[in-house]
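With mmCIF, N, CA and C atoms inside, this is data32.cif:
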```cif
data_query
#
loop_
_atom_site.label_atom_id
_atom_site.label_comp_id
_atom_site.auth_asym_id
_atom_site.auth_seq_id
_atom_site.Cartn_x
_atom_site.Cartn_y
_atom_site.Cartn_z
N MET O 107 62.08 54.05 279.56
CA MET O 107 62.68 52.93 278.86
C MET O 107 62.90 51.79 279.86
N ALA O 108 62.63 50.61 279.40
CA ALA O 108 62.75 49.42 280.23
C ALA O 108 64.15 48.80 280.11
N THR O 109 64.46 47.94 281.04
CA THR O 109 65.68 47.14 280.99
C THR O 109 65.25 45.69 280.89
N LEU O 110 65.94 44.91 280.04
CA LEU O 110 65.59 43.50 279.87
C LEU O 110 65.96 42.72 281.12
N PRO O 111 65.20 41.68 281.45
CA PRO O 111 64.09 41.08 280.70
C PRO O 111 62.80 41.89 280.87
N VAL O 112 61.89 41.69 279.89
CA VAL O 112 60.56 42.30 279.96
C VAL O 112 59.52 41.26 279.58
N PHE O 113 58.33 41.45 280.12
CA PHE O 113 57.23 40.52 279.85
C PHE O 113 55.99 41.33 279.47
N ASN O 114 55.36 40.93 278.38
CA ASN O 114 54.16 41.56 277.86
C ASN O 114 54.30 43.07 277.63
N PRO O 115 55.39 43.50 276.98
CA PRO O 115 55.53 44.94 276.71
C PRO O 115 54.62 45.36 275.56
N SER O 116 54.23 46.62 275.58
CA SER O 116 53.49 47.14 274.43
C SER O 116 54.49 47.45 273.32
N THR O 117 54.01 47.49 272.08
CA THR O 117 54.88 47.79 270.96
C THR O 117 54.42 49.10 270.32
N PRO O 118 55.32 49.91 269.79
CA PRO O 118 56.74 49.63 269.71
C PRO O 118 57.38 49.63 271.10
N PHE O 119 58.49 48.91 271.21
CA PHE O 119 59.18 48.74 272.49
C PHE O 119 60.66 49.03 272.31
N LEU O 120 61.26 49.68 273.31
CA LEU O 120 62.70 49.90 273.33
C LEU O 120 63.20 49.52 274.71
N GLY O 121 64.18 48.62 274.76
CA GLY O 121 64.71 48.19 276.04
C GLY O 121 66.22 48.10 276.03
N GLU O 122 66.82 48.37 277.17
CA GLU O 122 68.27 48.32 277.30
C GLU O 122 68.72 46.91 277.68
N ILE O 123 69.80 46.47 277.05
CA ILE O 123 70.43 45.20 277.37
C ILE O 123 71.50 45.50 278.42
N PRO O 124 71.31 45.07 279.66
CA PRO O 124 72.28 45.40 280.71
C PRO O 124 73.69 44.94 280.33
N GLY O 125 74.62 45.88 280.25
CA GLY O 125 76.00 45.55 279.91
C GLY O 125 76.24 45.27 278.44
N GLY O 126 75.22 45.35 277.59
CA GLY O 126 75.36 45.04 276.17
C GLY O 126 75.50 43.54 275.95
N LEU O 127 75.49 43.13 274.70
CA LEU O 127 75.61 41.71 274.36
C LEU O 127 77.07 41.30 274.25
N SER O 128 77.33 40.02 274.51
CA SER O 128 78.67 39.47 274.34
C SER O 128 78.55 38.04 273.80
N VAL O 129 79.66 37.52 273.33
CA VAL O 129 79.70 36.16 272.79
C VAL O 129 79.16 35.19 273.84
N GLY O 130 78.29 34.29 273.39
CA GLY O 130 77.71 33.29 274.29
C GLY O 130 76.36 33.67 274.85
N GLN O 131 75.89 34.87 274.54
CA GLN O 131 74.57 35.28 274.99
C GLN O 131 73.58 35.23 273.84
N SER O 132 72.31 35.16 274.19
CA SER O 132 71.23 35.18 273.21
C SER O 132 70.14 36.12 273.67
N VAL O 133 69.50 36.76 272.69
CA VAL O 133 68.27 37.49 272.93
C VAL O 133 67.16 36.52 272.51
N LEU O 134 66.22 36.28 273.41
CA LEU O 134 65.13 35.35 273.14
C LEU O 134 63.83 36.15 273.15
N ILE O 135 63.13 36.14 272.01
CA ILE O 135 61.88 36.89 271.87
C ILE O 135 60.76 35.90 271.58
N VAL O 136 59.71 35.97 272.40
CA VAL O 136 58.55 35.11 272.21
C VAL O 136 57.36 36.03 271.94
N GLY O 137 56.64 35.74 270.88
CA GLY O 137 55.50 36.58 270.55
C GLY O 137 54.62 35.98 269.48
N GLN O 138 53.75 36.83 268.96
CA GLN O 138 52.80 36.41 267.94
C GLN O 138 52.58 37.58 266.99
N ILE O 139 52.79 37.35 265.70
CA ILE O 139 52.56 38.40 264.72
C ILE O 139 51.06 38.56 264.51
N ILE O 140 50.61 39.82 264.51
CA ILE O 140 49.18 40.08 264.38
C ILE O 140 48.82 40.74 263.06
N GLY O 141 49.82 41.14 262.28
CA GLY O 141 49.57 41.72 260.96
C GLY O 141 50.40 40.97 259.94
N ASP O 142 50.07 41.13 258.65
CA ASP O 142 50.83 40.37 257.65
C ASP O 142 51.76 41.25 256.82
N GLU O 143 51.92 42.51 257.20
CA GLU O 143 52.81 43.39 256.45
C GLU O 143 54.26 43.08 256.80
N MET O 144 54.73 43.57 257.95
CA MET O 144 56.07 43.27 258.41
C MET O 144 56.18 43.61 259.88
N PHE O 145 57.18 43.04 260.51
CA PHE O 145 57.43 43.21 261.93
C PHE O 145 58.95 43.26 262.08
N ASN O 146 59.47 44.31 262.72
CA ASN O 146 60.91 44.51 262.79
C ASN O 146 61.46 44.37 264.21
N ILE O 147 62.66 43.82 264.28
CA ILE O 147 63.42 43.71 265.52
C ILE O 147 64.80 44.28 265.22
N ASN O 148 65.28 45.15 266.10
CA ASN O 148 66.59 45.77 265.90
C ASN O 148 67.44 45.64 267.16
N LEU O 149 68.68 45.21 266.98
CA LEU O 149 69.69 45.32 268.03
C LEU O 149 70.45 46.60 267.70
N GLN O 150 70.36 47.60 268.58
CA GLN O 150 70.89 48.92 268.29
C GLN O 150 71.99 49.31 269.26
N SER O 151 72.80 50.30 268.83
CA SER O 151 73.87 50.81 269.68
C SER O 151 73.34 51.83 270.69
N GLY O 152 72.27 52.54 270.35
CA GLY O 152 71.70 53.56 271.22
C GLY O 152 70.19 53.51 271.21
N ALA O 153 69.58 54.46 271.91
CA ALA O 153 68.13 54.44 272.09
C ALA O 153 67.36 55.20 271.01
N ALA O 154 68.05 55.89 270.11
CA ALA O 154 67.35 56.69 269.10
C ALA O 154 66.77 55.82 268.00
N VAL O 155 65.51 56.12 267.64
CA VAL O 155 64.88 55.39 266.54
C VAL O 155 64.53 56.31 265.37
N LYS O 156 64.45 57.62 265.60
CA LYS O 156 64.17 58.58 264.52
C LYS O 156 65.00 59.83 264.76
N PRO O 157 66.15 60.04 264.16
CA PRO O 157 66.83 59.08 263.27
C PRO O 157 67.40 57.92 264.07
N ARG O 158 67.57 56.80 263.41
CA ARG O 158 67.99 55.57 264.06
C ARG O 158 69.49 55.59 264.36
N ASP O 159 69.84 55.07 265.55
CA ASP O 159 71.25 54.85 265.88
C ASP O 159 71.78 53.67 265.07
N ASP O 160 73.10 53.52 265.05
CA ASP O 160 73.69 52.35 264.38
C ASP O 160 73.01 51.08 264.87
N THR O 161 72.77 50.18 263.94
CA THR O 161 72.02 48.96 264.23
C THR O 161 72.83 47.76 263.74
N PRO O 162 73.52 47.07 264.66
CA PRO O 162 74.30 45.90 264.26
C PRO O 162 73.47 44.80 263.59
N LEU O 163 72.19 44.67 264.00
CA LEU O 163 71.34 43.65 263.40
C LEU O 163 69.90 44.14 263.32
N HIS O 164 69.37 44.15 262.10
CA HIS O 164 67.98 44.49 261.83
C HIS O 164 67.34 43.24 261.24
N ILE O 165 66.23 42.81 261.82
CA ILE O 165 65.50 41.65 261.33
C ILE O 165 64.10 42.11 260.96
N SER O 166 63.73 41.94 259.71
CA SER O 166 62.40 42.31 259.23
C SER O 166 61.66 41.03 258.86
N ILE O 167 60.69 40.67 259.67
CA ILE O 167 59.90 39.45 259.45
C ILE O 167 58.71 39.85 258.60
N ARG O 168 58.62 39.23 257.42
CA ARG O 168 57.60 39.61 256.43
C ARG O 168 56.80 38.38 255.99
N PRO O 169 55.82 37.97 256.81
CA PRO O 169 55.07 36.78 256.45
C PRO O 169 54.30 36.91 255.14
N GLY O 170 53.83 38.12 254.81
CA GLY O 170 53.11 38.33 253.56
C GLY O 170 53.99 38.09 252.34
N ASP O 171 55.27 38.45 252.46
CA ASP O 171 56.24 38.23 251.38
C ASP O 171 56.98 36.90 251.52
N LYS O 172 56.70 36.20 252.62
CA LYS O 172 57.36 34.91 252.92
C LYS O 172 58.88 35.08 253.00
N LYS O 173 59.34 36.15 253.67
CA LYS O 173 60.77 36.45 253.79
C LYS O 173 61.10 36.92 255.20
N VAL O 174 62.34 36.70 255.60
CA VAL O 174 62.92 37.30 256.79
C VAL O 174 64.19 37.99 256.31
N VAL O 175 64.17 39.32 256.31
CA VAL O 175 65.28 40.11 255.79
C VAL O 175 66.20 40.49 256.95
N ARG O 176 67.51 40.36 256.73
CA ARG O 176 68.50 40.77 257.72
C ARG O 176 69.37 41.88 257.13
N ASN O 177 69.74 42.85 257.98
CA ASN O 177 70.55 43.95 257.51
C ASN O 177 71.20 44.63 258.71
N SER O 178 71.96 45.67 258.44
CA SER O 178 72.52 46.53 259.47
C SER O 178 72.40 47.98 258.99
N PHE O 179 72.45 48.90 259.93
CA PHE O 179 72.32 50.32 259.65
C PHE O 179 73.54 50.99 260.25
N VAL O 180 74.39 51.57 259.39
CA VAL O 180 75.68 52.11 259.83
C VAL O 180 75.84 53.54 259.33
N ASP O 181 76.17 54.45 260.24
CA ASP O 181 76.40 55.85 259.90
C ASP O 181 75.29 56.44 259.04
N GLY O 182 74.04 56.15 259.40
CA GLY O 182 72.89 56.74 258.73
C GLY O 182 72.47 56.09 257.43
N ALA O 183 73.03 54.91 257.12
CA ALA O 183 72.69 54.25 255.86
C ALA O 183 72.49 52.75 256.05
N TRP O 184 71.47 52.22 255.36
CA TRP O 184 71.27 50.78 255.34
C TRP O 184 72.38 50.13 254.53
N GLN O 185 72.77 48.94 254.93
CA GLN O 185 73.80 48.19 254.25
C GLN O 185 73.12 47.17 253.32
N GLU O 186 73.86 46.16 252.89
CA GLU O 186 73.31 45.17 251.96
C GLU O 186 72.41 44.17 252.69
N GLU O 187 71.20 44.00 252.16
CA GLU O 187 70.24 43.05 252.74
C GLU O 187 70.63 41.61 252.45
N GLU O 188 70.25 40.75 253.37
CA GLU O 188 70.34 39.30 253.17
C GLU O 188 68.92 38.77 253.25
N ARG O 189 68.49 38.03 252.21
CA ARG O 189 67.09 37.61 252.10
C ARG O 189 66.91 36.11 251.90
N ASP O 190 67.95 35.32 251.98
CA ASP O 190 67.80 33.89 251.73
C ASP O 190 66.94 33.25 252.82
N GLY O 191 66.25 32.20 252.46
CA GLY O 191 65.39 31.49 253.41
C GLY O 191 63.96 32.00 253.37
N LYS O 192 63.02 31.11 253.58
CA LYS O 192 61.61 31.47 253.62
C LYS O 192 61.22 31.84 255.04
N CYS O 193 60.09 32.48 255.20
CA CYS O 193 59.62 32.92 256.52
C CYS O 193 58.81 31.80 257.18
N PRO O 194 59.37 31.17 258.22
CA PRO O 194 58.64 30.09 258.89
C PRO O 194 57.63 30.61 259.91
N ILE O 195 57.56 31.91 260.11
CA ILE O 195 56.65 32.49 261.10
C ILE O 195 55.33 32.82 260.41
N ARG O 196 54.24 32.34 261.00
CA ARG O 196 52.91 32.55 260.44
C ARG O 196 52.13 33.55 261.29
N VAL O 197 51.32 34.34 260.63
CA VAL O 197 50.48 35.30 261.32
C VAL O 197 49.55 34.54 262.27
N GLY O 198 49.45 35.03 263.50
CA GLY O 198 48.54 34.45 264.48
C GLY O 198 49.10 33.28 265.27
N GLU O 199 50.27 32.77 264.90
CA GLU O 199 50.88 31.66 265.63
C GLU O 199 52.02 32.18 266.50
N THR O 200 52.17 31.60 267.67
CA THR O 200 53.25 31.99 268.57
C THR O 200 54.59 31.55 267.98
N PHE O 201 55.57 32.43 268.07
CA PHE O 201 56.92 32.11 267.59
C PHE O 201 57.92 32.37 268.70
N GLN O 202 59.08 31.73 268.56
CA GLN O 202 60.21 31.97 269.45
C GLN O 202 61.42 32.25 268.56
N LEU O 203 61.98 33.44 268.69
CA LEU O 203 63.16 33.82 267.92
C LEU O 203 64.34 33.94 268.86
N GLN O 204 65.39 33.19 268.57
CA GLN O 204 66.62 33.26 269.35
C GLN O 204 67.71 33.88 268.48
N ILE O 205 68.29 34.98 268.97
CA ILE O 205 69.41 35.64 268.31
C ILE O 205 70.63 35.35 269.17
N ARG O 206 71.49 34.47 268.71
CA ARG O 206 72.64 34.03 269.50
C ARG O 206 73.91 34.70 268.99
N VAL O 207 74.74 35.19 269.91
CA VAL O 207 75.97 35.88 269.55
C VAL O 207 77.13 34.89 269.51
N LYS O 208 77.71 34.74 268.34
CA LYS O 208 78.92 33.94 268.15
C LYS O 208 80.08 34.91 267.93
N GLN O 209 81.29 34.39 267.84
CA GLN O 209 82.47 35.24 267.71
C GLN O 209 82.43 36.14 266.48
N SER O 210 82.01 35.60 265.33
CA SER O 210 82.06 36.40 264.11
C SER O 210 80.69 36.59 263.44
N TYR O 211 79.63 36.06 264.05
CA TYR O 211 78.31 36.19 263.45
C TYR O 211 77.22 35.96 264.50
N TYR O 212 76.00 36.33 264.13
CA TYR O 212 74.80 36.00 264.90
C TYR O 212 74.19 34.75 264.27
N THR O 213 73.59 33.89 265.07
CA THR O 213 72.76 32.83 264.51
C THR O 213 71.32 33.13 264.89
N LEU O 214 70.42 32.84 263.97
CA LEU O 214 69.00 33.02 264.22
C LEU O 214 68.36 31.65 264.23
N LYS O 215 67.63 31.37 265.30
CA LYS O 215 66.81 30.16 265.36
C LYS O 215 65.37 30.60 265.52
N ILE O 216 64.50 29.95 264.77
CA ILE O 216 63.08 30.22 264.87
C ILE O 216 62.40 28.93 265.30
N ASP O 217 61.73 29.00 266.44
CA ASP O 217 61.07 27.85 267.03
C ASP O 217 62.04 26.67 267.20
N GLY O 218 63.26 26.99 267.63
CA GLY O 218 64.27 25.97 267.92
C GLY O 218 65.01 25.43 266.72
N LYS O 219 64.68 25.89 265.51
CA LYS O 219 65.34 25.39 264.31
C LYS O 219 66.27 26.45 263.73
N LYS O 220 67.48 26.04 263.34
CA LYS O 220 68.42 26.97 262.74
C LYS O 220 67.79 27.59 261.50
N PHE O 221 67.92 28.92 261.41
CA PHE O 221 67.33 29.62 260.27
C PHE O 221 68.39 30.33 259.42
N ALA O 222 69.27 31.12 260.07
CA ALA O 222 70.24 31.90 259.29
C ALA O 222 71.41 32.32 260.16
N LYS O 223 72.49 32.71 259.50
CA LYS O 223 73.63 33.35 260.14
C LYS O 223 73.73 34.76 259.57
N PHE O 224 74.24 35.68 260.38
CA PHE O 224 74.45 37.04 259.94
C PHE O 224 75.80 37.51 260.47
N LYS O 225 76.74 37.73 259.56
CA LYS O 225 78.10 38.12 259.94
C LYS O 225 78.09 39.49 260.61
N HIS O 226 78.89 39.63 261.67
CA HIS O 226 78.99 40.91 262.37
C HIS O 226 79.53 41.98 261.42
N ARG O 227 78.83 43.10 261.35
CA ARG O 227 79.28 44.24 260.55
C ARG O 227 79.71 45.40 261.45
N LEU O 228 79.34 45.33 262.71
CA LEU O 228 79.73 46.28 263.74
C LEU O 228 80.20 45.48 264.95
N PRO O 229 81.00 46.06 265.83
CA PRO O 229 81.45 45.33 267.02
C PRO O 229 80.28 44.82 267.85
N ILE O 230 80.44 43.63 268.41
CA ILE O 230 79.38 42.98 269.19
C ILE O 230 78.90 43.87 270.33
N ASP O 231 79.83 44.53 271.00
CA ASP O 231 79.45 45.31 272.18
C ASP O 231 78.62 46.55 271.85
N GLN O 232 78.42 46.83 270.57
CA GLN O 232 77.54 47.95 270.19
C GLN O 232 76.06 47.58 270.27
N ALA O 233 75.75 46.32 270.40
CA ALA O 233 74.35 45.89 270.53
C ALA O 233 73.94 46.06 272.00
N ARG O 234 73.40 47.25 272.33
CA ARG O 234 73.07 47.57 273.72
C ARG O 234 71.59 47.81 273.97
N PHE O 235 70.80 47.85 272.88
CA PHE O 235 69.36 48.10 273.01
C PHE O 235 68.61 47.17 272.06
N VAL O 236 67.40 46.80 272.45
CA VAL O 236 66.51 46.04 271.57
C VAL O 236 65.32 46.94 271.27
N HIS O 237 65.04 47.13 269.97
CA HIS O 237 63.87 47.86 269.54
C HIS O 237 62.96 46.89 268.80
N VAL O 238 61.70 46.83 269.21
CA VAL O 238 60.72 45.95 268.57
C VAL O 238 59.61 46.84 268.03
N GLY O 239 59.35 46.72 266.74
CA GLY O 239 58.32 47.53 266.11
C GLY O 239 56.91 47.03 266.36
N GLU O 240 55.96 47.70 265.73
CA GLU O 240 54.56 47.30 265.84
C GLU O 240 54.29 46.10 264.93
N GLY O 241 53.16 45.47 265.13
CA GLY O 241 52.76 44.35 264.28
C GLY O 241 52.83 43.00 264.97
N ALA O 242 53.16 43.01 266.26
CA ALA O 242 53.22 41.74 267.01
C ALA O 242 52.83 41.99 268.46
N VAL O 243 52.36 40.94 269.08
CA VAL O 243 52.14 40.93 270.53
C VAL O 243 53.32 40.16 271.11
N ILE O 244 54.06 40.79 272.01
CA ILE O 244 55.26 40.18 272.57
C ILE O 244 54.97 39.65 273.97
N GLU O 245 55.30 38.39 274.18
CA GLU O 245 55.15 37.79 275.51
C GLU O 245 56.36 38.07 276.38
N SER O 246 57.57 37.95 275.78
CA SER O 246 58.77 38.18 276.57
C SER O 246 59.96 38.48 275.68
N ILE O 247 60.90 39.24 276.25
CA ILE O 247 62.22 39.47 275.65
C ILE O 247 63.21 39.26 276.78
N THR O 248 64.03 38.24 276.65
CA THR O 248 64.97 37.91 277.70
C THR O 248 66.38 37.72 277.12
N ILE O 249 67.37 37.79 277.99
CA ILE O 249 68.75 37.51 277.62
C ILE O 249 69.14 36.23 278.33
N VAL O 250 69.67 35.28 277.58
CA VAL O 250 70.09 34.00 278.17
C VAL O 250 71.54 33.74 277.79
N ALA O 251 72.24 33.00 278.64
CA ALA O 251 73.62 32.63 278.37
C ALA O 251 73.66 31.19 277.88
N ASP O 252 74.70 30.87 277.09
CA ASP O 252 74.88 29.48 276.62
C ASP O 252 74.99 28.55 277.82
N ASP O 253 74.51 27.36 277.64
CA ASP O 253 74.60 26.35 278.70
C ASP O 253 76.00 25.83 278.84
#
```

Starting from the file, lay out its structure as C-alpha cells.
Amino acid sequence: MATLPVFNPSTPFLGEIPGGLSVGQSVLIVGQIIGDEMFNINLQSGAAVKPRDDTPLHISIRPGDKKVVRNSFVDGAWQEEERDGKCPIRVGETFQLQIRVKQSYYTLKIDGKKFAKFKHRLPIDQARFVHVGEGAVIESITIVADD
C-alpha cells in the first residue's frame, strides 16, 4: 500500500493519507476517465475494500448517466445518495477533482469550479485512506492545505 502523494498509480488504488484528513486540507485527484460506465473514489476509515470499511465519502462519477453520486458507507450499509448536479467530467478528457474538508461538510470542485457540498456523516478524522476504482488513468493524488 502506498502513502500519498502518489503519481501515475495503477487502478484500483489504495493509499494512506498521512495523519488522516483535517479541516483545511484537500485531496486533489488529477486523471482521465477511460470508460463510460462509472468510476469511484472513496475516502475510507481503513484499508479494507471487500468488505468495505466505513467510508465517510463515496463519489461515483458516471459520465454515461451524466451524474456524480455522493454517499457514505456506515456499519456495513450504504446511506442516502445525493445525486443533484450533472456530470461535468467527460470520457477521455483530463479532469481535476478537489475534495476540500470544511468544518461540517466536504466541498467538491471539478476543474476549479464548485460542484457540490456533502455534509459530514462520520467524523472527519476517519478519512484516512483513499481508494480509487478502475475506469480511469490517474496522474496524481495529492493532499494540499488551504492557502

**OP:** Among the residues of segment 108-253 of chain O, find those DSSP assigns to strand (DSSP E) from the backbone and print them as a count of residues only.
**Re:** 76

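With only N, CA and C atoms as the atoms that count, the minimum distance from Pro162 of chain O to the choices O:Pro111, O:Pro118, O:Gly239, O:Pro229 is reached by O:Pro229.
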
Find the residues near segment 184-194 of chain O: any atom within 6 Å, counting all atoms listed in the file, skip ones fewer than 6 places away on the same chain, and give them as a short mmCIF file (atom, residue, chain, number, x, y, z; two decimals) with N, CA and C atoms, in the frame of the given file.
```cif
data_model
loop_
_atom_site.label_atom_id
_atom_site.label_comp_id
_atom_site.auth_asym_id
_atom_site.auth_seq_id
_atom_site.Cartn_x
_atom_site.Cartn_y
_atom_site.Cartn_z
N PRO O 169 55.82 37.97 256.81
CA PRO O 169 55.07 36.78 256.45
C PRO O 169 54.30 36.91 255.14
N LYS O 172 56.70 36.20 252.62
CA LYS O 172 57.36 34.91 252.92
C LYS O 172 58.88 35.08 253.00
N LYS O 173 59.34 36.15 253.67
CA LYS O 173 60.77 36.45 253.79
C LYS O 173 61.10 36.92 255.20
N VAL O 174 62.34 36.70 255.60
CA VAL O 174 62.92 37.30 256.79
C VAL O 174 64.19 37.99 256.31
N VAL O 175 64.17 39.32 256.31
CA VAL O 175 65.28 40.11 255.79
C VAL O 175 66.20 40.49 256.95
N ARG O 176 67.51 40.36 256.73
CA ARG O 176 68.50 40.77 257.72
C ARG O 176 69.37 41.88 257.13
N ASN O 177 69.74 42.85 257.98
CA ASN O 177 70.55 43.95 257.51
C ASN O 177 71.20 44.63 258.71
N SER O 178 71.96 45.67 258.44
CA SER O 178 72.52 46.53 259.47
C SER O 178 72.40 47.98 258.99
#
```

Using the file's own x, y and z axes, so that the box edges lie along x, y and z, what centre and edge lengths in Å (one decimal) does a box around every listed atom of segment 165-182 of chain O get when 8 Å is added on each side? Give it as lines of an AutoDock Vina configuration file.
```
center_x = 64.8
center_y = 45.8
center_z = 256.6
size_x = 39.3
size_y = 37.8
size_z = 26.4
```

**OP:** For Leu110 of chain O, list every protein, DNA or RNA residue within 6.5 Å, evaluated using all atoms listed in the file, and leave out those in the same chain fewer than 6 positions away; present the list as a ChimeraX atom specification.
**Re:** /O:121-124,247-249

File for segment 122-192 of chain O (C-alpha atoms), as a short mmCIF file (atom, residue, chain, number, x, y, z; two decimals), in the first residue's frame:
```cif
data_model
loop_
_atom_site.label_atom_id
_atom_site.label_comp_id
_atom_site.auth_asym_id
_atom_site.auth_seq_id
_atom_site.Cartn_x
_atom_site.Cartn_y
_atom_site.Cartn_z
CA GLU O 122 -2.93 6.05 3.13
CA ILE O 123 -3.44 9.71 3.99
CA PRO O 124 -0.61 10.50 6.44
CA GLY O 125 -2.25 11.56 9.72
CA GLY O 126 -5.74 11.42 8.18
CA LEU O 127 -7.66 14.42 6.85
CA SER O 128 -8.43 17.56 8.82
CA VAL O 129 -10.27 20.83 8.26
CA GLY O 130 -8.42 22.99 5.74
CA GLN O 131 -6.96 20.13 3.74
CA SER O 132 -7.93 18.89 0.29
CA VAL O 133 -7.46 15.70 -1.65
CA LEU O 134 -6.59 16.64 -5.23
CA ILE O 135 -7.04 13.96 -7.89
CA VAL O 136 -5.99 14.51 -11.50
CA GLY O 137 -6.86 11.92 -14.09
CA GLN O 138 -8.78 10.89 -17.15
CA ILE O 139 -11.81 8.60 -17.32
CA ILE O 140 -11.31 5.84 -19.88
CA GLY O 141 -14.68 4.08 -19.63
CA ASP O 142 -18.24 5.42 -19.65
CA GLU O 143 -19.78 3.15 -17.02
CA MET O 144 -18.62 4.58 -13.68
CA PHE O 145 -15.52 5.48 -11.74
CA ASN O 146 -15.45 5.55 -7.93
CA ILE O 147 -13.39 7.44 -5.37
CA ASN O 148 -13.69 6.64 -1.67
CA LEU O 149 -12.35 8.35 1.43
CA GLN O 150 -12.28 5.42 3.87
CA SER O 151 -11.57 4.83 7.54
CA GLY O 152 -9.50 1.69 6.87
CA ALA O 153 -7.81 -0.27 4.11
CA ALA O 154 -10.47 -2.96 3.59
CA VAL O 155 -12.43 -2.86 0.34
CA LYS O 156 -14.15 -6.29 0.42
CA PRO O 157 -15.97 -5.98 2.76
CA ARG O 158 -15.56 -2.22 2.73
CA ASP O 159 -14.55 -0.24 5.82
CA ASP O 160 -16.65 2.76 6.84
CA THR O 161 -16.50 5.35 4.08
CA PRO O 162 -17.07 8.98 5.07
CA LEU O 163 -17.28 9.99 1.38
CA HIS O 164 -18.02 7.89 -1.70
CA ILE O 165 -18.00 9.64 -5.08
CA SER O 166 -19.31 7.74 -8.09
CA ILE O 167 -18.59 9.57 -11.35
CA ARG O 168 -21.00 8.31 -14.01
CA PRO O 169 -20.47 10.10 -17.32
CA GLY O 170 -22.79 7.67 -19.15
CA ASP O 171 -25.63 8.60 -16.78
CA LYS O 172 -24.48 12.25 -16.63
CA LYS O 173 -24.38 12.08 -12.80
CA VAL O 174 -21.94 12.33 -9.92
CA VAL O 175 -23.38 10.41 -6.96
CA ARG O 176 -22.23 11.11 -3.40
CA ASN O 177 -22.82 8.81 -0.44
CA SER O 178 -21.30 7.28 2.68
CA PHE O 179 -20.98 3.69 3.89
CA VAL O 180 -21.53 3.19 7.63
CA ASP O 181 -21.54 -0.05 9.64
CA GLY O 182 -21.84 -2.21 6.52
CA ALA O 183 -24.66 -0.25 4.85
CA TRP O 184 -24.91 2.45 2.21
CA GLN O 185 -26.63 5.62 3.36
CA GLU O 186 -28.82 8.03 1.37
CA GLU O 187 -27.41 9.04 -2.02
CA GLU O 188 -27.11 12.62 -3.19
CA ARG O 189 -27.45 12.97 -6.97
CA ASP O 190 -28.07 16.65 -7.73
CA GLY O 191 -25.94 18.24 -10.44
CA LYS O 192 -24.87 16.99 -13.85
#
```
